[in-house]
Structure formats: C-alpha cells, structure tokens
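Text of my_file_29.txt (compact mmCIF, C-alpha atoms) as supplied:
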```txt
# COMPACT_ATOMS: atom_id res chain seq x y z
CA MET A 1 0.00 0.00 0.00
CA GLY A 2 1.37 3.42 -0.96
CA TYR A 3 1.32 6.33 1.46
CA SER A 4 1.56 10.08 1.03
CA ARG A 5 4.74 11.93 1.93
CA GLU A 6 2.91 13.51 4.90
CA VAL A 7 2.00 10.10 6.31
CA TYR A 8 5.50 8.77 5.74
CA ASP A 9 7.15 11.79 7.39
CA ALA A 10 4.80 11.66 10.38
CA ALA A 11 5.50 7.95 10.98
CA MET A 12 9.23 8.49 10.58
CA ALA A 13 9.07 11.33 13.12
CA VAL A 14 7.57 8.89 15.65
CA LEU A 15 10.41 6.45 15.00
CA GLU A 16 13.02 9.16 15.40
CA LYS A 17 11.51 10.27 18.70
CA ARG A 18 11.43 6.69 19.97
CA ARG A 19 15.07 6.22 19.04
CA SER A 20 16.10 9.55 20.55
CA ASP A 21 14.19 8.87 23.78
CA ALA A 22 15.76 5.43 24.14
CA ARG A 23 19.26 6.82 23.69
CA SER A 24 18.60 9.75 26.02
CA ARG A 25 17.37 7.46 28.80
CA ALA A 26 20.42 5.22 28.44
CA ALA A 27 22.78 8.22 28.34
CA ALA A 28 21.22 9.74 31.46
CA LEU A 29 21.53 6.45 33.31
CA HIS A 30 25.11 6.05 32.14
CA GLU A 31 26.01 9.52 33.39
CA ARG A 32 24.48 8.88 36.81
CA MET A 33 26.25 5.56 37.19
CA THR A 34 29.69 6.85 36.14
CA GLU A 35 29.36 9.69 38.65
CA ARG A 36 28.45 7.28 41.45
CA HIS A 37 30.88 4.54 40.35
CA PRO A 38 33.98 5.84 38.49
CA ARG A 39 35.04 2.23 38.02
CA VAL A 40 32.29 1.91 35.36
CA ARG A 41 34.16 4.24 33.03
CA GLU A 42 37.38 2.30 33.61
CA ILE A 43 35.64 -0.99 32.77
CA GLU A 44 34.31 0.47 29.52
CA ARG A 45 37.75 1.80 28.62
CA GLU A 46 39.35 -1.60 29.22
CA MET A 47 36.69 -3.35 27.12
CA ALA A 48 37.19 -0.83 24.30
CA GLN A 49 40.89 -1.78 24.18
CA SER A 50 39.98 -5.36 23.17
CA ALA A 51 39.80 -4.69 19.43
CA ILE A 52 43.12 -2.84 19.53
CA GLN A 53 44.77 -5.78 21.29
CA VAL A 54 43.51 -8.23 18.65
CA ALA A 55 44.78 -5.96 15.85
CA ARG A 56 48.20 -5.78 17.51
CA ALA A 57 48.32 -9.57 17.77
CA VAL A 58 47.68 -9.85 14.03
CA LEU A 59 50.32 -7.24 13.16
CA ASP A 60 52.88 -8.83 15.48
CA GLY A 61 52.31 -12.28 14.00
CA ARG A 62 51.28 -13.76 17.34
CA ASP A 63 48.75 -16.54 17.89
CA VAL A 64 45.55 -14.62 17.09
CA GLU A 65 43.23 -17.38 18.33
CA ALA A 66 44.92 -17.48 21.69
CA ALA A 67 44.80 -13.68 21.91
CA VAL A 68 41.09 -13.66 21.13
CA ASP A 69 40.36 -16.33 23.75
CA LYS A 70 42.31 -14.35 26.36
CA ILE A 71 40.45 -11.14 25.51
CA LYS A 72 37.10 -12.95 25.65
CA THR A 73 37.91 -14.19 29.14
CA GLN A 74 38.93 -10.69 30.23
CA ASN A 75 35.78 -9.15 28.74
CA LEU A 76 33.52 -11.68 30.42
CA ALA A 77 35.12 -10.83 33.74
CA LEU A 78 34.69 -7.10 33.08
CA GLN A 79 31.04 -7.59 32.07
CA ALA A 80 30.42 -9.56 35.25
CA GLU A 81 32.02 -6.78 37.29
CA LEU A 82 29.84 -4.16 35.56
CA ALA A 83 26.72 -6.27 36.13
CA GLY A 84 27.61 -6.50 39.80
CA ILE A 85 27.91 -2.71 40.12
CA LEU A 86 24.57 -2.21 38.38
CA ALA A 87 22.95 -4.88 40.54
CA GLN A 88 23.98 -2.91 43.63
CA GLU A 89 21.84 -0.06 42.30
CA GLY A 90 18.98 -2.37 41.33
CA ILE A 91 19.52 -1.73 37.61
CA PRO A 92 19.31 -4.52 34.99
CA GLN A 93 22.35 -4.56 32.72
CA ALA A 94 20.04 -4.36 29.68
CA ASP A 95 19.01 -0.85 30.81
CA PHE A 96 22.60 0.33 30.37
CA GLU A 97 22.11 0.17 26.63
CA PRO A 98 19.30 1.95 24.72
CA ARG A 99 16.04 0.07 25.11
CA TYR A 100 14.42 0.55 21.75
CA HIS A 101 10.68 0.28 21.22
CA CYS A 102 11.39 -2.24 18.45
CA PRO A 103 14.51 -4.32 19.13
CA ARG A 104 14.45 -5.78 15.61
CA CYS A 105 15.15 -2.52 13.79
CA GLU A 106 16.26 -0.45 16.81
CA ASP A 107 13.59 2.11 15.82
CA THR A 108 15.14 2.84 12.44
CA GLY A 109 12.18 1.37 10.54
CA TYR A 110 14.30 -1.03 8.49
CA VAL A 111 15.88 -4.47 8.98
CA ASN A 112 18.49 -5.61 6.45
CA GLY A 113 17.25 -3.07 3.96
CA HIS A 114 13.60 -4.12 4.30
CA ILE A 115 10.85 -2.14 6.00
CA CYS A 116 10.18 -3.33 9.54
CA GLU A 117 6.70 -4.37 10.67
CA CYS A 118 6.77 -1.65 13.36
CA PHE A 119 7.15 0.98 10.63
CA ARG A 120 4.32 -0.63 8.61
CA SER A 121 2.08 -0.42 11.67
CA LEU A 122 2.93 3.24 12.23
CA LEU A 123 2.18 4.06 8.60
CA ARG A 124 -1.19 2.35 8.80
CA GLU A 125 -2.09 4.04 12.09
CA GLU A 126 -1.13 7.47 10.79
CA ALA A 127 -3.07 6.94 7.55
CA TYR A 128 -6.16 5.82 9.47
CA ARG A 129 -5.86 8.76 11.85
CA ARG A 130 -5.64 11.26 9.03
CA LEU A 131 -8.57 9.72 7.20
CA SER A 132 -10.81 9.52 10.26
CA TYR A 133 -12.90 12.26 11.76
CA ALA A 134 -11.84 12.19 15.41
CA GLY A 135 -14.73 14.37 16.60
CA PRO A 136 -15.41 14.06 20.33
CA MET A 137 -13.87 10.57 20.56
CA GLY A 138 -11.87 11.56 23.62
CA GLU A 139 -15.11 12.22 25.50
CA ALA A 140 -17.00 9.16 24.26
CA ASP A 141 -17.14 6.11 26.49
CA PHE A 142 -19.85 3.78 27.68
CA ASP A 143 -19.87 5.14 31.23
CA SER A 144 -20.82 8.64 30.10
CA LEU A 145 -23.94 7.42 28.26
CA ARG A 146 -26.31 7.13 31.22
CA LEU A 147 -29.51 5.10 31.11
CA GLU A 148 -31.37 7.71 33.16
CA TYR A 149 -31.85 9.70 29.94
CA TYR A 150 -34.09 6.95 28.55
CA PRO A 151 -37.74 6.65 29.67
CA ASP A 152 -38.49 3.76 32.00
CA THR A 153 -42.14 3.51 30.96
CA PRO A 154 -43.38 1.48 27.97
CA ASP A 155 -43.79 3.22 24.64
CA PRO A 156 -47.58 3.29 24.04
CA ARG A 157 -47.10 2.38 20.36
CA THR A 158 -44.68 -0.53 20.71
CA GLY A 159 -44.83 -1.55 24.36
CA VAL A 160 -41.02 -1.38 24.52
CA VAL A 161 -39.44 0.13 27.65
CA PRO A 162 -36.62 2.36 26.25
CA ARG A 163 -34.46 2.15 29.37
CA ALA A 164 -34.57 -1.64 29.42
CA ARG A 165 -33.96 -1.92 25.67
CA MET A 166 -31.04 0.51 25.76
CA GLY A 167 -29.56 -1.27 28.77
CA GLU A 168 -29.43 -4.46 26.70
CA ILE A 169 -27.93 -2.65 23.70
CA LEU A 170 -25.26 -0.89 25.75
CA THR A 171 -24.30 -4.14 27.46
CA TYR A 172 -23.99 -5.85 24.08
CA CYS A 173 -21.91 -2.99 22.61
CA ARG A 174 -19.64 -2.83 25.66
CA CYS A 175 -18.93 -6.57 25.34
CA TYR A 176 -18.47 -6.13 21.58
CA ALA A 177 -15.82 -3.47 22.18
CA ASP A 178 -14.08 -5.47 24.92
CA ASP A 179 -13.92 -8.60 22.77
CA PHE A 180 -13.40 -6.91 19.41
CA ASP A 181 -11.16 -8.56 16.84
CA GLY A 182 -10.85 -8.51 13.07
CA ARG A 183 -13.61 -11.11 12.71
CA SER A 184 -16.25 -9.50 14.91
CA PRO A 185 -19.72 -9.17 13.35
CA SER A 186 -20.86 -6.02 11.58
CA LEU A 187 -23.42 -3.83 13.36
CA LEU A 188 -26.33 -1.77 12.04
CA LEU A 189 -27.32 0.92 14.55
CA ARG A 190 -30.76 2.30 13.70
CA GLY A 191 -32.99 4.82 15.41
CA PRO A 192 -33.98 8.50 15.64
CA THR A 193 -31.54 11.38 15.96
CA GLY A 194 -29.94 12.14 19.29
CA ILE A 195 -30.38 8.87 21.18
CA GLY A 196 -26.77 7.68 21.35
CA LYS A 197 -25.87 5.94 18.08
CA THR A 198 -22.87 8.17 17.34
CA HIS A 199 -21.77 8.10 20.98
CA VAL A 200 -21.78 4.30 21.05
CA SER A 201 -19.95 4.13 17.71
CA LEU A 202 -17.23 6.43 19.03
CA ALA A 203 -16.96 4.45 22.27
CA ILE A 204 -16.41 1.24 20.29
CA ALA A 205 -13.88 2.98 18.03
CA ARG A 206 -11.98 4.34 21.01
CA LYS A 207 -11.81 0.93 22.69
CA ALA A 208 -10.67 -0.80 19.49
CA ILE A 209 -7.94 1.80 18.90
CA GLU A 210 -6.74 1.44 22.51
CA ARG A 211 -6.40 -2.30 21.87
CA GLY A 212 -4.22 -1.69 18.82
CA TYR A 213 -6.70 -2.14 15.98
CA GLY A 214 -6.76 0.07 12.90
CA VAL A 215 -10.03 2.02 12.82
CA VAL A 216 -11.44 4.42 10.26
CA TYR A 217 -14.37 6.45 11.57
CA GLY A 218 -16.30 9.27 10.02
CA PRO A 219 -19.62 10.66 8.83
CA VAL A 220 -20.60 8.97 5.57
CA GLN A 221 -20.75 12.32 3.76
CA MET A 222 -17.17 13.20 4.71
CA LEU A 223 -15.68 9.83 3.78
CA LEU A 224 -17.53 9.59 0.47
CA HIS A 225 -16.47 13.13 -0.39
CA LYS A 226 -12.85 12.05 0.04
CA LEU A 227 -13.40 9.15 -2.33
CA GLU A 228 -15.05 11.47 -4.85
CA LYS A 229 -12.16 13.96 -4.85
CA GLU A 230 -9.58 11.22 -5.26
CA HIS A 231 -11.57 9.43 -7.97
CA PHE A 232 -11.92 12.56 -10.10
CA GLY A 233 -8.32 13.68 -9.59
CA ARG A 234 -8.99 16.63 -7.29
CA ALA A 235 -6.94 15.08 -4.47
CA ASP A 236 -4.26 12.46 -3.98
CA GLY A 237 -4.72 9.51 -1.69
CA ASN A 238 -5.75 5.89 -1.27
CA SER A 239 -8.80 6.33 0.96
CA GLU A 240 -10.79 3.48 -0.61
CA GLU A 241 -7.98 1.01 0.02
CA LEU A 242 -7.62 2.25 3.61
CA MET A 243 -11.36 2.00 4.26
CA THR A 244 -11.49 -1.48 2.76
CA SER A 245 -8.45 -2.84 4.58
CA CYS A 246 -8.78 -1.35 8.08
CA ASP A 247 -9.72 -3.62 10.99
CA LEU A 248 -12.92 -1.68 11.67
CA LEU A 249 -14.79 0.78 9.45
CA ILE A 250 -17.44 2.97 11.09
CA LEU A 251 -19.81 4.83 8.78
CA ASP A 252 -21.80 7.32 10.82
CA ASP A 253 -25.13 8.85 9.83
CA LEU A 254 -25.87 6.89 6.67
CA GLY A 255 -28.58 8.74 4.76
CA ALA A 256 -27.39 12.25 5.61
CA GLU A 257 -25.05 12.35 2.61
CA PHE A 258 -25.98 13.76 -0.79
CA SER A 259 -27.71 11.18 -2.93
CA SER A 260 -25.84 10.30 -6.11
CA PRO A 261 -25.13 7.20 -8.20
CA PHE A 262 -21.40 7.63 -7.50
CA TYR A 263 -21.89 7.67 -3.72
CA THR A 264 -24.20 4.66 -3.88
CA SER A 265 -21.62 2.78 -5.95
CA CYS A 266 -18.89 3.66 -3.44
CA LEU A 267 -21.02 2.46 -0.54
CA TYR A 268 -21.75 -0.82 -2.26
CA ASN A 269 -18.07 -1.41 -3.01
CA LEU A 270 -17.07 -0.69 0.60
CA ILE A 271 -19.82 -2.77 2.21
CA ASN A 272 -19.52 -5.68 -0.21
CA GLY A 273 -15.72 -5.66 -0.27
CA ARG A 274 -15.44 -5.77 3.51
CA MET A 275 -18.18 -8.40 3.74
CA LEU A 276 -16.27 -10.65 1.33
CA GLU A 277 -13.09 -10.16 3.37
CA GLY A 278 -14.94 -10.94 6.61
CA LYS A 279 -14.03 -7.53 8.05
CA PRO A 280 -16.47 -5.83 10.46
CA THR A 281 -18.26 -2.59 9.62
CA ILE A 282 -20.47 -0.49 11.90
CA ILE A 283 -23.12 1.69 10.28
CA SER A 284 -25.46 4.09 12.05
CA THR A 285 -28.54 5.52 10.37
CA ASN A 286 -31.85 7.24 11.06
CA LEU A 287 -33.45 5.36 8.17
CA GLY A 288 -35.82 2.43 8.50
CA GLN A 289 -35.73 -0.64 6.27
CA LYS A 290 -38.25 0.78 3.80
CA GLU A 291 -36.31 4.07 3.53
CA LEU A 292 -33.04 2.20 3.07
CA MET A 293 -34.56 0.22 0.22
CA GLU A 294 -35.95 3.33 -1.46
CA ARG A 295 -32.66 5.21 -1.22
CA TYR A 296 -30.02 2.51 -1.79
CA GLY A 297 -31.84 -0.30 -3.55
CA GLU A 298 -31.82 -4.03 -2.91
CA GLN A 299 -28.08 -4.66 -3.36
CA ILE A 300 -27.04 -2.54 -0.40
CA THR A 301 -30.15 -2.96 1.76
CA SER A 302 -30.14 -6.76 1.53
CA ARG A 303 -26.54 -6.82 2.76
CA LEU A 304 -27.30 -4.48 5.66
CA ILE A 305 -30.41 -6.36 6.74
CA GLY A 306 -29.09 -9.83 6.01
CA THR A 307 -25.52 -9.74 7.34
CA PHE A 308 -25.35 -6.94 9.96
CA VAL A 309 -26.44 -7.44 13.57
CA PRO A 310 -29.43 -5.07 13.96
CA LEU A 311 -29.48 -2.80 17.03
CA VAL A 312 -32.58 -0.61 17.15
CA PHE A 313 -32.06 2.37 19.46
CA VAL A 314 -35.15 3.82 21.15
CA GLY A 315 -35.87 6.82 23.34
CA LYS A 316 -36.03 10.60 23.14
CA ASP A 317 -33.44 13.09 21.90
CA ILE A 318 -30.89 13.25 24.72
CA ARG A 319 -29.65 16.65 23.60
CA GLN A 320 -33.15 18.06 24.01
CA ILE A 321 -33.47 16.45 27.45
CA LYS A 322 -30.17 18.00 28.59
CA LEU A 323 -31.22 21.40 27.21
CA GLN A 324 -34.51 21.27 29.11
CA GLN A 325 -32.67 20.36 32.30
CA LYS A 326 -30.40 23.40 31.88
CA ILE A 327 -33.39 25.70 31.31
CA ARG A 328 -35.02 24.50 34.50
```
Encoded form using structure tokens:
Amino acid sequence: MGYSREVYDAAMAVLEKRRSDARSRAAALHERMTERHPRVREIEREMAQSAIQVARAVLDGRDVEAAVDKIKTQNLALQAELAGILAQEGIPQADFEPRYHCPRCEDTGYVNGHICECFRSLLREEAYRRLSYAGPMGEADFDSLRLEYYPDTPDPRTGVVPRARMGEILTYCRCYADDFDGRSPSLLLRGPTGIGKTHVSLAIARKAIERGYGVVYGPVQMLLHKLEKEHFGRADGNSEELMTSCDLLILDDLGAEFSSPFYTSCLYNLINGRMLEGKPTIISTNLGQKELMERYGEQITSRLIGTFVPLVFVGKDIRQIKLQQKIR
C-alpha cells in the first residue's frame, strides 16, 4: 500500500523520537552511574581496548586465536564486574544500553534493507488517523452514556421500555468493544436522531484503537467526499484502500449524505468488499428498512439487513433532554 509523503514523514518522526528517547534514557543512566561509580568508566575503557589488542596480535604475527580467547575471558570478567555494580543499584544490565521500542530494527524502521513491521504499523495508524474524523472521541465512552436519559415507561405504540432496551444494547456494545477482533460481526445501529448511536460508535472505536486495531471512523458524507475527490483527480490519496483494509470501518449517519449514483456505488463497493473479506463494519442511520430500500436499492439494503447485527435504538433526543434540564 502506498502512502503520502505527509503520512511517511509523520510515521518516521515517531520512529526518530522513539530512538532519541531510548538513547537519552540510556545516556542519562550512564552519566548517573559513572558519577556514582567511576570504576564503570574504567571498565568500559578496558573493554574498548579489546579490538586494539587483537589488531596488535595480528600485526605482530602472534597466535591470534589465543589472543582472542584471552580477551574474551577478560571481557567476560569485566562484564560480570559491571553487572555487579549495576545490581547494587537495582539496575538490569540491559538498561545500560538503549532500550528501543522495536529491538528488531532499533527504531530505524528497516531491517536488512527491508521495511520493519513496526514501521508498517505506524504508517497504517497514521493513515487511518488522518482519514478519520476524530470528533469528540476523547469524551466518548460507555460510562458517560447514562440510562437515566431513557424513559423507563413502555412506549404506548410498541410496548417497549426504552431504558430496558437501551440497557441491553449498551451491554452488548460494551462486550463487543471489549472482545473486538478482526472477525467481529458487523453492526447496524438504527434509530432517531440524538439517542446515542454516534456516541456508542465512538466508544467502540476508542476501545478498538486502545487495543491496537486500525479504525477508520467518520460521517458517511465526509468519507464519500474524500473518495469522490480522489476518484476525479482533485486530491491524492488511497482512501478506498484504507477503508477497505482497516480492521474496523465505522460509517456514521448513513442517509445524511448527498444522494448520487457515484456515492451509492462507493457504498456498495465498501460494504460488499469488507463483507467478502470478513471484516467488520459499523453503520449508524436514522433510516428504517423501507427508507433504506428506497434510497439505496436491494443490493445494499439486503446486505445491511441480512448480514449486519441489527441494534434498534429507542428513546427521546438526549440533547433536548439535557437542554430542558439546563433551562429549568
């Protein structure tokens, strides 16, 4: 997968900071230890002389193998002495060298001329972050969506008690987020405006990201607009590939976007492509099944109704309830 220069530079900056931090921590520890134990510096100086001694043995025509064995024995003794000094301070010997975030590439991003998996992960994360609409994700969690905002009396039309129904939905979504993996089921969140669909979507996204999964989240209109600009050459990028390949795609507010054949085609490709790959998608919408059919046709609607786990949100607009409480 190709990435823009901005994504590449941002990921490389993370690697450089990791490498710099690791070296700074080791250097600071080294400075403290040499101040407290001057012998540490002497040990390092003696160990550094090893290569010079081997070179002299070669130049002098002496038994190089014997010289190397002798130096190995001396170095092992010096390393043991250094380990003993560090042990007195409760410091593992490994901490005396830079502890890189990725020991394979030592935070350079490359191993034997090939890109390291840690760098690949950073590139993906940065690309997902730039594509996603973060919105109020930092404020969205399951604990902040309180059931007290939902009526605890039956709806006269359906007989459903909103508080009980939403308690079941929130419990399911919390477990979904806690157990999320790349093969979790897709979810279809349906219901009126303002009753928690976006909040729950963001809470799931936040939990998945915290667990290390690649998530793309955004209003449908925003994400489809990106695809449109890239498709018609008004912007560079690989948004469709990112949306298709990410661990979790969250399309918020389906039905609020402009209606066009191009957008409908893009939606079908995303939904169908991820379904074929077995990758989970979460879609929230205010539209009912009949409205979905009228707007998107059978190809999309049959996939949403037939393969997504349906979660029907009920209740009253929480924003209006909070506003009324403030007025009082």
**OP:** Show which residues sit within 12 Å of range 128-130 of chain A, as a ChimeraX atom specification. Count all atoms listed in the file, and ignore same-chain residues fewer than 5 positions away.
**Re:** /A:3-4,6-8,10-11,121-123,135,137,205-206,209,213-218,223,226,237-250
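Computed from the coordinates, the CA of Ile115 in chain A to CA of Arg18 in chain A distance equals 16.5 Å.
For the pair CA of Ile195 in chain A and CA of Ala164 in chain A, the separation is 14.0 Å.
The smallest atom-to-atom distance between Ser186 in chain A and any of A:Leu145, A:Leu304, A:Val161, A:Ile91, using only C-alpha atoms, is found for A:Leu304.
In this model, the gap between CA of Ile300 in chain A and CA of Thr198 in chain A comes to 21.1 Å.
Comparing the minimum interatomic distances between Ala140 in chain A and each of A:Leu202, A:Ile71, A:Leu86, A:Leu188, counting all atoms listed in the file, we find that A:Leu202 sits nearest.
Restricting the calculation to all atoms listed in the file, the smallest distance between Leu270 in chain A and any of A:Asp236, A:Ser50, A:Lys316, A:Val220 is found for A:Val220.
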Subject >> Contacts of Arg183 in chain A within 7 Å, all atoms listed in the file, excl. fewer than 3 positions in-chain, as a PyMOL selection string >> reply: chain A and resi 278-280
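Among the candidates A:Lys197, A:His225, A:Arg19, A:Val160, the one nearest to Cys105 in chain A when counting all atoms listed in the file is A:Arg19.
Between Ile204 in chain A and the residues A:Ile282, A:Met33, A:Ile271, A:Leu131, the shortest atom-to-atom distance, using all atoms listed in the file, involves A:Ile282.
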What would range 180-191 of chain A look like with all heavy atoms restored, written as a PDB file, keeping the file's coordinate frame?
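Result file is part.pdb:
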```pdb
ATOM      1  N   PHE A 180     -13.543  -7.158  20.843  1.00  0.00           N
ATOM      2  CA  PHE A 180     -13.400  -6.910  19.410  1.00  0.00           C
ATOM      3  C   PHE A 180     -12.148  -7.554  18.824  1.00  0.00           C
ATOM      4  O   PHE A 180     -11.073  -7.525  19.431  1.00  0.00           O
ATOM      5  CB  PHE A 180     -13.359  -5.404  19.122  1.00  0.00           C
ATOM      6  CG  PHE A 180     -13.169  -5.087  17.662  1.00  0.00           C
ATOM      7  CD1 PHE A 180     -14.252  -5.100  16.797  1.00  0.00           C
ATOM      8  CD2 PHE A 180     -11.900  -4.836  17.138  1.00  0.00           C
ATOM      9  CE1 PHE A 180     -14.082  -4.858  15.438  1.00  0.00           C
ATOM     10  CE2 PHE A 180     -11.725  -4.589  15.792  1.00  0.00           C
ATOM     11  CZ  PHE A 180     -12.820  -4.597  14.942  1.00  0.00           C
ATOM     12  N   ASP A 181     -12.311  -8.146  17.641  1.00  0.00           N
ATOM     13  CA  ASP A 181     -11.160  -8.560  16.840  1.00  0.00           C
ATOM     14  C   ASP A 181     -11.545  -8.411  15.376  1.00  0.00           C
ATOM     15  O   ASP A 181     -12.657  -7.974  15.050  1.00  0.00           O
ATOM     16  CB  ASP A 181     -10.705  -9.988  17.167  1.00  0.00           C
ATOM     17  CG  ASP A 181     -11.768 -11.038  16.876  1.00  0.00           C
ATOM     18  OD1 ASP A 181     -12.567 -10.860  15.934  1.00  0.00           O
ATOM     19  OD2 ASP A 181     -11.810 -12.058  17.594  1.00  0.00           O
ATOM     20  N   GLY A 182     -10.630  -8.740  14.492  1.00  0.00           N
ATOM     21  CA  GLY A 182     -10.850  -8.510  13.070  1.00  0.00           C
ATOM     22  C   GLY A 182     -11.958  -9.326  12.456  1.00  0.00           C
ATOM     23  O   GLY A 182     -12.312  -9.109  11.294  1.00  0.00           O
ATOM     24  N   ARG A 183     -12.530 -10.279  13.219  1.00  0.00           N
ATOM     25  CA  ARG A 183     -13.610 -11.110  12.710  1.00  0.00           C
ATOM     26  C   ARG A 183     -14.907 -10.891  13.480  1.00  0.00           C
ATOM     27  O   ARG A 183     -15.834 -11.719  13.376  1.00  0.00           O
ATOM     28  CB  ARG A 183     -13.205 -12.594  12.783  1.00  0.00           C
ATOM     29  CG  ARG A 183     -12.029 -12.939  11.865  1.00  0.00           C
ATOM     30  CD  ARG A 183     -12.428 -12.796  10.407  1.00  0.00           C
ATOM     31  NE  ARG A 183     -11.273 -12.942   9.509  1.00  0.00           N
ATOM     32  CZ  ARG A 183     -11.354 -12.928   8.195  1.00  0.00           C
ATOM     33  NH1 ARG A 183     -12.522 -12.746   7.619  1.00  0.00           N
ATOM     34  NH2 ARG A 183     -10.269 -13.037   7.449  1.00  0.00           N
ATOM     35  N   SER A 184     -15.007  -9.808  14.209  1.00  0.00           N
ATOM     36  CA  SER A 184     -16.250  -9.500  14.910  1.00  0.00           C
ATOM     37  C   SER A 184     -17.360  -9.228  13.898  1.00  0.00           C
ATOM     38  O   SER A 184     -17.085  -8.846  12.756  1.00  0.00           O
ATOM     39  CB  SER A 184     -16.055  -8.266  15.807  1.00  0.00           C
ATOM     40  OG  SER A 184     -15.146  -8.539  16.858  1.00  0.00           O
ATOM     41  N   PRO A 185     -18.624  -9.408  14.301  1.00  0.00           N
ATOM     42  CA  PRO A 185     -19.720  -9.170  13.350  1.00  0.00           C
ATOM     43  C   PRO A 185     -19.880  -7.684  13.040  1.00  0.00           C
ATOM     44  O   PRO A 185     -19.435  -6.818  13.799  1.00  0.00           O
ATOM     45  CB  PRO A 185     -20.947  -9.714  14.088  1.00  0.00           C
ATOM     46  CG  PRO A 185     -20.590  -9.621  15.536  1.00  0.00           C
ATOM     47  CD  PRO A 185     -19.115  -9.889  15.604  1.00  0.00           C
ATOM     48  N   SER A 186     -20.514  -7.385  11.927  1.00  0.00           N
ATOM     49  CA  SER A 186     -20.860  -6.020  11.580  1.00  0.00           C
ATOM     50  C   SER A 186     -22.138  -5.617  12.308  1.00  0.00           C
ATOM     51  O   SER A 186     -22.995  -6.462  12.592  1.00  0.00           O
ATOM     52  CB  SER A 186     -21.051  -5.878  10.065  1.00  0.00           C
ATOM     53  OG  SER A 186     -19.829  -6.097   9.382  1.00  0.00           O
ATOM     54  N   LEU A 187     -22.273  -4.331  12.613  1.00  0.00           N
ATOM     55  CA  LEU A 187     -23.420  -3.830  13.360  1.00  0.00           C
ATOM     56  C   LEU A 187     -24.160  -2.772  12.559  1.00  0.00           C
ATOM     57  O   LEU A 187     -23.536  -1.926  11.910  1.00  0.00           O
ATOM     58  CB  LEU A 187     -22.987  -3.220  14.693  1.00  0.00           C
ATOM     59  CG  LEU A 187     -22.108  -4.067  15.627  1.00  0.00           C
ATOM     60  CD1 LEU A 187     -21.794  -3.276  16.893  1.00  0.00           C
ATOM     61  CD2 LEU A 187     -22.781  -5.386  15.961  1.00  0.00           C
ATOM     62  N   LEU A 188     -25.486  -2.800  12.628  1.00  0.00           N
ATOM     63  CA  LEU A 188     -26.330  -1.770  12.040  1.00  0.00           C
ATOM     64  C   LEU A 188     -27.088  -1.087  13.164  1.00  0.00           C
ATOM     65  O   LEU A 188     -27.988  -1.682  13.766  1.00  0.00           O
ATOM     66  CB  LEU A 188     -27.295  -2.357  11.016  1.00  0.00           C
ATOM     67  CG  LEU A 188     -28.248  -1.363  10.344  1.00  0.00           C
ATOM     68  CD1 LEU A 188     -27.460  -0.316   9.546  1.00  0.00           C
ATOM     69  CD2 LEU A 188     -29.241  -2.089   9.435  1.00  0.00           C
ATOM     70  N   LEU A 189     -26.702   0.157  13.478  1.00  0.00           N
ATOM     71  CA  LEU A 189     -27.320   0.920  14.550  1.00  0.00           C
ATOM     72  C   LEU A 189     -28.394   1.818  13.940  1.00  0.00           C
ATOM     73  O   LEU A 189     -28.080   2.744  13.190  1.00  0.00           O
ATOM     74  CB  LEU A 189     -26.271   1.783  15.277  1.00  0.00           C
ATOM     75  CG  LEU A 189     -25.350   1.101  16.289  1.00  0.00           C
ATOM     76  CD1 LEU A 189     -24.705  -0.151  15.743  1.00  0.00           C
ATOM     77  CD2 LEU A 189     -24.282   2.074  16.782  1.00  0.00           C
ATOM     78  N   ARG A 190     -29.647   1.547  14.280  1.00  0.00           N
ATOM     79  CA  ARG A 190     -30.760   2.300  13.700  1.00  0.00           C
ATOM     80  C   ARG A 190     -31.567   2.973  14.797  1.00  0.00           C
ATOM     81  O   ARG A 190     -31.662   2.475  15.919  1.00  0.00           O
ATOM     82  CB  ARG A 190     -31.675   1.372  12.898  1.00  0.00           C
ATOM     83  CG  ARG A 190     -31.057   0.847  11.621  1.00  0.00           C
ATOM     84  CD  ARG A 190     -31.861  -0.297  11.041  1.00  0.00           C
ATOM     85  NE  ARG A 190     -33.280   0.001  10.952  1.00  0.00           N
ATOM     86  CZ  ARG A 190     -34.223  -0.928  10.755  1.00  0.00           C
ATOM     87  NH1 ARG A 190     -33.882  -2.195  10.637  1.00  0.00           N
ATOM     88  NH2 ARG A 190     -35.488  -0.585  10.666  1.00  0.00           N
ATOM     89  N   GLY A 191     -32.141   4.126  14.461  1.00  0.00           N
ATOM     90  CA  GLY A 191     -32.990   4.820  15.410  1.00  0.00           C
ATOM     91  C   GLY A 191     -32.985   6.309  15.155  1.00  0.00           C
ATOM     92  O   GLY A 191     -32.194   6.818  14.351  1.00  0.00           O
TER      93      GLY A 191
END
```
